[in-house]
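In what follows, a single structure is set out as structure tokens and then discussed.
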Amino acid sequence: MDMFNKVTAFLQQALETREPSINLLDSFVDHWKAITNYYIETTDESRPVKQTDIPWRLRQMLDILVYEETQQGEETGPCMEYLLQHKILETLCTLGKAQYPPGMSQQVMLFFSKVLNQIQKPVLHLINVYRPIQKLIHLCGLPDSKTETEESQFIFAVCARVKKDPYVLNYILEITKHFQKRCSSTSDEAGADGCSGASSPERAPSPPPPSSSTASSSSAQSGAHPSSSPHTATGIIPVLMHLGKSQKSRVVLRSMESLLLLVSLPQEETGHLLAEKTPLCDLLAQRLTELYCLIPSSLDPTDIHSYSGAQWRDQFTQDSEEESQSFPGSENVHRFFCFLDYCNELTKEAPRVLGSKMARKIHLQWLKGVIEPHLLQMSEVGILVHTALLSCSVRHIHSPALLEELVQFLLGSDTHCEKRQDTHTHILRYRLIEHCNHISDEISITTLRLFEELLKKPSKSILTNLVLRNLEKRSYRLPGSGVVDETQRAESDVLEESEELEEDPFFTDMYEDSGFGGQEPLLSLPSVRERRNPSVHTEVADLVNSFLCLVPQEAKTSHLVQGAGYDTYVHDAHKLLKECTALSKDWNWPDSAKTTETSLATDFYEGYFLQILFDRIARILEQPYELNLQVTSVLSKLAVFPHPHLHEYLLDPYISLSPGARSLFSTLVRVIGDLMQRIQHIHNVTDKLMMIRRQLLGLEEETMVDHVTLLKGVIVLEEFCKELAAIAFVKLPVEEQ
């Protein structure tokens, strides 16, 4: 404000010093007549406008208008009245369109921009202002334009004015009778064509640039009052999208900021107008699809996974971060993810109706039209690259509207329990889960990473769709095993349970070796007499030690390495639990397990997702080390969520399973049984395991060792059991820890 006052004082002094005897209106008229006389008197049509006094005259006219406004207060001054009555803006627009003298269009756009920026009173609702602005908009975004910088400044000034006075949005939108039909057909073609591959951008849909014939026809129709017209609108949106493809980064930034100003208008009416009566949603989805199709199909999935992403404004700064992420094709990857981040912000800032439609169009054109065919193809290379790109996209999508469409695309909306033969209700979901068990280990790892990214998203439907809907009825339990009342639970039942545990060959004589460093027990198993208030929930020591004691002592090596004990996982588990609890706090999950009815056993099916994960865990001794790490990472993520059914099914080792059902613990027990048989045939197994562990930690150079896959699997198994024990520990109530 101080700067504005200083400028005003300076202008006042300048005007008084320069023309003390001439009033403002006379001076304003003289400057305008001097401009019009130039066209009457000049004969040199090639003389650039910058070599004339036209730019200076326009600046003087602007200074007078600004000064007059400060003096007139609420009333419209005579100079502004003269500008409106004599249609000066309309005349300037015509002169700019003619580009006479050369460079005139730049001067006109600069003048319009400064008028909109510096005049404080609302003017866009005036017909002699918005009509020339509409016409000038038609001069923007033309092919091979030399005035992109001035165009972007002018459009930004218009959008900033609309942001200040949202009701004038109608006044800058173009009216055309045939827009809706054309927009509809364009959308259909985009969805049908997509792009043939990440290396085939030529098939990516792109909007045609506005033509001069379109401009003239639209301007002819714009004489009617915009708010009273029943037709659909177009104009400024295609121009902004066109400028967004400029080679000049500042032009692109201005265009993106301008569009954000329009989209972030908070009124639902403006959101509906932009959603239903402009091509915004279609053009936005087309641009995202176009950038995706420019990404080469020869990318290394490792580079994609390591890409940390960027905010959309980062592409306009000389940041060393982009250089550090340099790899073949990184420029195209960076441009796509910057625009995806931009779509994130647009859909978050937009009114609900507009954000939802933008997200829906992106779903149809990019996800459904382009990505889905690549995920369903037979080429392993194509599946691998596009799954990696999709996984990275999931990581960077944070808009609620976009996330909702993403989940719908990947998983569908089914909420009923799955059946074993139910494989065609959502083809993509079935195929992606199937890819977790793909013959290609790379595809399996990449798809598991995709699901791990999904589990990090704040969407209740992800957990419901993948897991919880199949656990809702708790039919994994033996009927009647979970409904015993606390007051009816006899002490003999607890004693019997304890005796069964002690007789289990996998647990005998191992409790004293389950603590830190293999010396002291972390949690001692309480005696029956020490137990108070027995309930259906297993005691803390039972839960923790049952996982810690799973791996036989001769196969354990973590206690031989400093800093590799169970306690190292407790801190991470606490952090992960805190994140998952915050993520699910608004999902209205029950605090305790649902009471099940005592009835005949039903055929329990854990669902395709858990089925594949359990199958993978069952083969942990036969799979590559990297694949085992990814499988256990996904299962750990699931286990830490604070849903009582999920906790019971994955972390309670003592539930009585219904016939044919399996749990995570029962699957691990079978793996341990297989392990105990295998290690009997390996000489010095503990020494070899120790050598492999040190190699994995980088403490020794890798050497050829027999049974290396098995030995690495044993190490992952031991670490996984420790991680599950830590998760079980931190999820217990504080008073029980």
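The chains in the structure tokens are called A, B, ... from first to last as shown; in each chain the residues are counted from 1, and the ligands are counted from 1 in the order shown.
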Residues within 12 Å of Leu169 in chain A, please, as a PyMOL selection string. Count only C-alpha atoms; anything in the same chain fewer than 2 positions from it doesn't count.
chain A and resi 124-125+130+134+158-167+171-174+226-227+233-237+261-263+265+267+269-274+277-278
Sorted by chain and rising residue number, list the residues of range 609-645 of chain A at most 12 Å from range 666-685 of chain A (counting only C-alpha atoms), each with its closest atom pair and distance in Å to one decimal, as a Markdown table.
```
| residue | atom | partner | partner_atom | distance |
| --- | --- | --- | --- | --- |
| A:Leu610 | CA | A:Thr667 | CA | 11.6 |
| A:Gln611 | CA | A:Thr667 | CA | 10.9 |
| A:Leu613 | CA | A:Thr667 | CA | 10.5 |
| A:Phe614 | CA | A:Thr667 | CA | 6.8 |
| A:Asp615 | CA | A:Thr667 | CA | 8.6 |
| A:Arg616 | CA | A:Thr667 | CA | 10.1 |
| A:Ile617 | CA | A:Thr667 | CA | 7.4 |
| A:Ala618 | CA | A:Val671 | CA | 5.9 |
| A:Arg619 | CA | A:Val671 | CA | 7.8 |
| A:Ile620 | CA | A:Val671 | CA | 7.8 |
| A:Leu621 | CA | A:Leu675 | CA | 7.7 |
| A:Glu622 | CA | A:Leu675 | CA | 10.7 |
| A:Thr632 | CA | A:Leu668 | CA | 11.7 |
```
Name the residues of range 212-387 of chain A that fall into helix (DSSP H, G or I) according to DSSP on the backbone, using the chain letters and numbers of this document, as a PyMOL selection string.
chain A and resi 212-221+226-228+236-243+249-263+268-277+280-293+301-306+312-316+320-324+330-349+352-375+380-387
Output C-alpha atoms for every residue in the selection just made, as a tab-separated table (two decimals), in the first residue's frame.
```
chain	number	residue	atom	x	y	z
A	212	SER	CA	-9.19	-17.11	-36.99
A	213	SER	CA	-12.53	-18.28	-38.38
A	214	THR	CA	-13.49	-19.65	-34.98
A	215	ALA	CA	-12.46	-16.37	-33.40
A	216	SER	CA	-14.57	-14.28	-35.75
A	217	SER	CA	-17.65	-16.48	-35.42
A	218	SER	CA	-17.38	-16.58	-31.62
A	219	SER	CA	-16.88	-12.85	-31.33
A	220	ALA	CA	-19.91	-12.29	-33.48
A	221	GLN	CA	-21.98	-14.29	-31.06
A	226	PRO	CA	-23.13	-13.97	-21.52
A	227	SER	CA	-25.21	-14.73	-18.50
A	228	SER	CA	-28.43	-14.77	-20.54
A	236	ILE	CA	-9.86	-18.79	-22.57
A	237	ILE	CA	-9.42	-22.42	-21.47
A	238	PRO	CA	-8.04	-23.74	-24.81
A	239	VAL	CA	-5.74	-20.71	-24.96
A	240	LEU	CA	-4.36	-21.48	-21.51
A	241	MET	CA	-3.80	-25.12	-22.39
A	242	HIS	CA	-2.06	-24.08	-25.61
A	243	LEU	CA	0.23	-21.64	-23.81
A	249	SER	CA	9.10	-21.76	-19.15
A	250	ARG	CA	7.82	-18.40	-17.92
A	251	VAL	CA	4.91	-18.57	-20.36
A	252	VAL	CA	4.06	-22.08	-19.18
A	253	LEU	CA	4.24	-20.99	-15.53
A	254	ARG	CA	1.96	-18.01	-16.15
A	255	SER	CA	-0.58	-20.13	-17.99
A	256	MET	CA	-0.66	-22.75	-15.24
A	257	GLU	CA	-1.01	-20.10	-12.55
A	258	SER	CA	-3.82	-18.48	-14.54
A	259	LEU	CA	-5.74	-21.72	-14.83
A	260	LEU	CA	-5.26	-22.37	-11.12
A	261	LEU	CA	-6.78	-18.96	-10.39
A	262	LEU	CA	-9.89	-19.83	-12.38
A	263	VAL	CA	-10.24	-23.35	-11.01
A	268	GLU	CA	-20.04	-24.14	-6.73
A	269	GLU	CA	-21.76	-22.21	-9.53
A	270	THR	CA	-18.43	-21.29	-11.13
A	271	GLY	CA	-17.22	-24.86	-10.66
A	272	HIS	CA	-20.29	-26.17	-12.45
A	273	LEU	CA	-19.81	-23.61	-15.23
A	274	LEU	CA	-16.18	-24.63	-15.81
A	275	ALA	CA	-17.02	-28.32	-15.55
A	276	GLU	CA	-20.03	-28.44	-17.86
A	277	LYS	CA	-19.58	-25.52	-20.23
A	280	LEU	CA	-11.27	-27.76	-19.28
A	281	CYS	CA	-11.68	-31.31	-17.99
A	282	ASP	CA	-11.16	-32.90	-21.41
A	283	LEU	CA	-8.13	-30.78	-22.29
A	284	LEU	CA	-6.53	-31.37	-18.92
A	285	ALA	CA	-6.89	-35.15	-19.24
A	286	GLN	CA	-5.63	-35.01	-22.82
A	287	ARG	CA	-2.54	-33.09	-21.80
A	288	LEU	CA	-1.73	-35.55	-19.00
A	289	THR	CA	-2.20	-38.44	-21.42
A	290	GLU	CA	-0.03	-36.74	-24.01
A	291	LEU	CA	2.83	-36.25	-21.55
A	292	TYR	CA	2.54	-39.87	-20.38
A	293	CYS	CA	2.80	-41.11	-23.95
A	301	PRO	CA	12.17	-49.74	-13.73
A	302	THR	CA	14.85	-49.14	-11.11
A	303	ASP	CA	15.15	-45.53	-12.26
A	304	ILE	CA	11.37	-45.12	-12.02
A	305	HIS	CA	11.25	-46.52	-8.48
A	306	SER	CA	14.10	-44.26	-7.38
A	312	TRP	CA	4.85	-28.72	-10.49
A	313	ARG	CA	6.52	-25.38	-9.81
A	314	ASP	CA	9.91	-27.11	-9.57
A	315	GLN	CA	10.12	-27.45	-13.35
A	316	PHE	CA	10.49	-23.68	-13.61
A	320	SER	CA	20.00	-29.44	-8.69
A	321	GLU	CA	17.48	-32.07	-7.56
A	322	GLU	CA	16.38	-32.70	-11.14
A	323	GLU	CA	20.00	-33.14	-12.19
A	324	SER	CA	20.55	-35.68	-9.41
A	330	SER	CA	14.22	-38.54	-17.06
A	331	GLU	CA	13.18	-35.26	-18.69
A	332	ASN	CA	9.94	-36.74	-19.99
A	333	VAL	CA	9.31	-38.52	-16.69
A	334	HIS	CA	9.87	-35.27	-14.79
A	335	ARG	CA	7.51	-33.30	-17.05
A	336	PHE	CA	4.77	-35.90	-16.64
A	337	PHE	CA	4.98	-36.09	-12.86
A	338	CYS	CA	5.12	-32.32	-12.55
A	339	PHE	CA	1.90	-32.10	-14.55
A	340	LEU	CA	0.38	-34.90	-12.47
A	341	ASP	CA	1.20	-32.87	-9.38
A	342	TYR	CA	-0.45	-29.89	-11.07
A	343	CYS	CA	-3.59	-31.98	-11.65
A	344	ASN	CA	-3.42	-32.91	-7.97
A	345	GLU	CA	-3.52	-29.26	-6.98
A	346	LEU	CA	-6.25	-28.37	-9.48
A	347	THR	CA	-8.57	-31.13	-8.28
A	348	LYS	CA	-7.87	-30.26	-4.63
A	349	GLU	CA	-8.45	-26.52	-5.03
A	352	ARG	CA	-16.29	-30.40	-5.57
A	353	VAL	CA	-18.26	-30.71	-8.81
A	354	LEU	CA	-15.33	-29.50	-10.91
A	355	GLY	CA	-12.68	-31.52	-9.08
A	356	SER	CA	-14.75	-34.69	-9.44
A	357	LYS	CA	-15.25	-34.21	-13.16
A	358	MET	CA	-11.57	-33.46	-13.77
A	359	ALA	CA	-10.63	-36.63	-11.89
A	360	ARG	CA	-13.22	-38.66	-13.79
A	361	LYS	CA	-11.90	-37.48	-17.16
A	362	ILE	CA	-8.36	-38.35	-16.12
A	363	HIS	CA	-9.64	-41.79	-15.12
A	364	LEU	CA	-11.28	-42.37	-18.49
A	365	GLN	CA	-8.60	-40.94	-20.76
A	366	TRP	CA	-5.34	-41.70	-18.98
A	367	LEU	CA	-5.97	-44.64	-16.65
A	368	LYS	CA	-8.62	-46.50	-18.60
A	369	GLY	CA	-7.64	-45.39	-22.09
A	370	VAL	CA	-3.87	-45.76	-21.89
A	371	ILE	CA	-2.55	-47.51	-18.79
A	372	GLU	CA	-5.04	-50.38	-18.59
A	373	PRO	CA	-4.21	-51.83	-22.06
A	374	HIS	CA	-0.52	-51.82	-21.14
A	375	LEU	CA	-1.15	-53.60	-17.85
A	380	GLU	CA	6.63	-58.59	-19.89
A	381	VAL	CA	8.75	-55.52	-20.66
A	382	GLY	CA	5.64	-53.40	-21.22
A	383	ILE	CA	3.94	-54.70	-18.08
A	384	LEU	CA	7.05	-54.01	-16.03
A	385	VAL	CA	7.57	-50.40	-17.18
A	386	HIS	CA	3.94	-49.35	-16.94
A	387	THR	CA	3.44	-51.02	-13.56
```
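CA of His435 in chain A to CA of Val407 in chain A spans 17.5 Å [interatomic distance, one decimal].
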Can you pull out the residues contacting Arg47 in chain A? Cut-off 8 Å, using only C-alpha atoms, and skip same-chain residues under 5 positions away; I want them as a list in words.
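The residues satisfying every condition are Thr52, Pro101 and Pro102 of chain A.
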Would you output that residue set with all heavy atoms, as an mmCIF file, in the first residue's frame?
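Done, and the output landed in result-v9.cif:
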```
data_model
loop_
_atom_site.group_PDB
_atom_site.id
_atom_site.type_symbol
_atom_site.label_atom_id
_atom_site.label_comp_id
_atom_site.auth_asym_id
_atom_site.auth_seq_id
_atom_site.Cartn_x
_atom_site.Cartn_y
_atom_site.Cartn_z
ATOM 1 N N THR A 52 8.075 4.258 -32.743
ATOM 2 C CA THR A 52 7.087 5.333 -32.766
ATOM 3 C C THR A 52 6.832 5.800 -31.333
ATOM 4 O O THR A 52 7.379 5.237 -30.371
ATOM 5 C CB THR A 52 5.769 4.851 -33.404
ATOM 6 O OG1 THR A 52 5.126 3.934 -32.501
ATOM 7 C CG2 THR A 52 6.032 4.138 -34.735
ATOM 8 N N PRO A 101 1.298 -0.686 -36.554
ATOM 9 C CA PRO A 101 2.609 -1.089 -37.074
ATOM 10 C C PRO A 101 3.083 -2.403 -36.457
ATOM 11 O O PRO A 101 2.510 -2.853 -35.460
ATOM 12 C CB PRO A 101 3.506 0.075 -36.659
ATOM 13 C CG PRO A 101 2.839 0.660 -35.462
ATOM 14 C CD PRO A 101 1.362 0.500 -35.703
ATOM 15 N N PRO A 102 4.122 -3.027 -37.063
ATOM 16 C CA PRO A 102 4.605 -4.316 -36.548
ATOM 17 C C PRO A 102 4.920 -4.257 -35.049
ATOM 18 O O PRO A 102 5.581 -3.323 -34.577
ATOM 19 C CB PRO A 102 5.883 -4.565 -37.370
ATOM 20 C CG PRO A 102 5.648 -3.821 -38.643
ATOM 21 C CD PRO A 102 4.871 -2.586 -38.264
#
```
Could you check the closest approach to Trp32 in chain A for each of A:Arg57, A:His645, A:Lys50, A:Arg477 and tell me which residue wins, using only C-alpha atoms?
A:Arg57
I want to know what sits within 8 Å of Phe604 in chain A, based on only C-alpha atoms, with residues of the same chain fewer than 3 positions away left out; could you give that as a count of residues only?
5
I'd like the neighbourhood of range 454-469 of chain A as a list in words, where a residue qualifies if any of its atoms comes within 7 Å (using only C-alpha atoms), though same-chain residues fewer than 6 positions away should be ignored.
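Answer for this query is Val394, Val407, Leu411, Asp414, Thr415, His416, Cys417, Leu583, Trp587, Gly607 and Phe609 of chain A.
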Top pick for closest residue to Tyr605 in chain A, considering A:Gly563, A:Pro659, A:Pro400, A:Pro624 and counting only C-alpha atoms
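Among the listed residues, the smallest separation from Tyr605 in chain A belongs to A:Pro659.
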Mind pulling up the distance from CA of Gln247 in chain A to CA of Leu92 in chain A?
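Going from CA of Leu92 in chain A over to CA of Gln247 in chain A, I get 28.1 Å.
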Tell me, as a ChimeraX atom specification, which residues lie within 12 Å of range 42-45 of chain A, counting only C-alpha atoms; anything in the same chain fewer than 3 positions away does not count.
/A:34-39,48-49,51-52,98-104
Ser558 in chain A surroundings by only C-alpha atoms, 12 Å radius, close-in-sequence under 6 positions cut, as a compact mmCIF listing (two decimals) with N, CA and C atoms, in the first residue's frame:
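What ended up in selection-v7.txt:
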```
# COMPACT_ATOMS: atom_id res chain seq x y z
N ASP A 513 15.73 -68.22 25.13
CA ASP A 513 16.66 -67.73 24.13
C ASP A 513 16.04 -66.68 23.22
N SER A 514 14.89 -66.14 23.60
CA SER A 514 14.19 -65.26 22.68
C SER A 514 14.42 -63.78 22.96
N GLY A 515 15.31 -63.46 23.90
CA GLY A 515 15.46 -62.06 24.28
C GLY A 515 16.59 -61.37 23.56
N PHE A 516 17.01 -60.21 24.10
CA PHE A 516 18.07 -59.43 23.50
C PHE A 516 19.38 -60.21 23.53
N GLY A 517 20.04 -60.21 22.36
CA GLY A 517 21.35 -60.84 22.30
C GLY A 517 21.35 -62.31 22.62
N GLY A 518 20.19 -62.93 22.69
CA GLY A 518 20.13 -64.36 22.97
C GLY A 518 20.44 -64.70 24.40
N LEU A 548 8.76 -64.81 18.09
CA LEU A 548 10.21 -64.84 18.30
C LEU A 548 10.76 -66.26 18.33
N VAL A 551 11.47 -69.51 14.60
CA VAL A 551 12.67 -69.98 13.91
C VAL A 551 13.52 -70.79 14.88
N ALA A 564 21.28 -56.06 15.91
CA ALA A 564 20.32 -56.75 15.04
C ALA A 564 19.26 -57.47 15.85
N GLY A 565 19.06 -57.07 17.07
CA GLY A 565 18.09 -57.73 17.92
C GLY A 565 16.66 -57.30 17.62
N TYR A 566 15.76 -57.92 18.35
CA TYR A 566 14.33 -57.66 18.20
C TYR A 566 13.99 -56.19 18.48
N ASP A 567 14.71 -55.59 19.41
CA ASP A 567 14.38 -54.22 19.82
C ASP A 567 14.54 -53.21 18.69
N THR A 568 15.35 -53.55 17.69
CA THR A 568 15.54 -52.61 16.57
C THR A 568 14.25 -52.40 15.80
N THR A 686 24.78 -72.83 10.68
CA THR A 686 24.83 -71.56 11.41
C THR A 686 25.96 -70.68 10.90
N LEU A 689 24.97 -69.31 7.52
CA LEU A 689 23.97 -68.25 7.68
C LEU A 689 24.62 -66.96 8.15
N MET A 690 25.60 -67.10 9.07
CA MET A 690 26.29 -65.92 9.57
C MET A 690 27.07 -65.24 8.46
N MET A 691 27.69 -66.04 7.60
CA MET A 691 28.45 -65.49 6.48
C MET A 691 27.52 -64.72 5.52
N ILE A 692 26.36 -65.32 5.21
CA ILE A 692 25.41 -64.67 4.31
C ILE A 692 24.89 -63.37 4.94
N ARG A 693 24.61 -63.41 6.24
CA ARG A 693 24.11 -62.20 6.91
C ARG A 693 25.14 -61.08 6.85
N ARG A 694 26.37 -61.40 7.07
CA ARG A 694 27.42 -60.38 7.02
C ARG A 694 27.59 -59.85 5.60
N LEU A 697 24.81 -57.41 4.95
CA LEU A 697 25.05 -56.17 5.67
C LEU A 697 26.22 -55.38 5.10
N VAL A 714 16.08 -67.94 4.93
CA VAL A 714 16.05 -68.15 6.38
C VAL A 714 16.28 -66.83 7.11
N ILE A 715 17.21 -66.02 6.61
CA ILE A 715 17.50 -64.73 7.25
C ILE A 715 16.29 -63.80 7.16
N VAL A 716 15.66 -63.75 5.98
CA VAL A 716 14.46 -62.93 5.84
C VAL A 716 13.36 -63.43 6.76
N LEU A 717 13.23 -64.75 6.87
CA LEU A 717 12.20 -65.34 7.73
C LEU A 717 12.42 -64.95 9.19
N GLU A 718 13.66 -65.01 9.64
CA GLU A 718 13.95 -64.63 11.02
C GLU A 718 13.63 -63.16 11.26
N GLU A 719 14.03 -62.32 10.33
CA GLU A 719 13.77 -60.89 10.50
C GLU A 719 12.28 -60.59 10.44
N PHE A 720 11.55 -61.31 9.59
CA PHE A 720 10.11 -61.11 9.48
C PHE A 720 9.41 -61.49 10.78
N CYS A 721 9.83 -62.57 11.38
CA CYS A 721 9.23 -62.98 12.65
C CYS A 721 9.51 -61.96 13.75
N LYS A 722 10.70 -61.40 13.76
CA LYS A 722 11.02 -60.36 14.74
C LYS A 722 10.17 -59.11 14.49
```
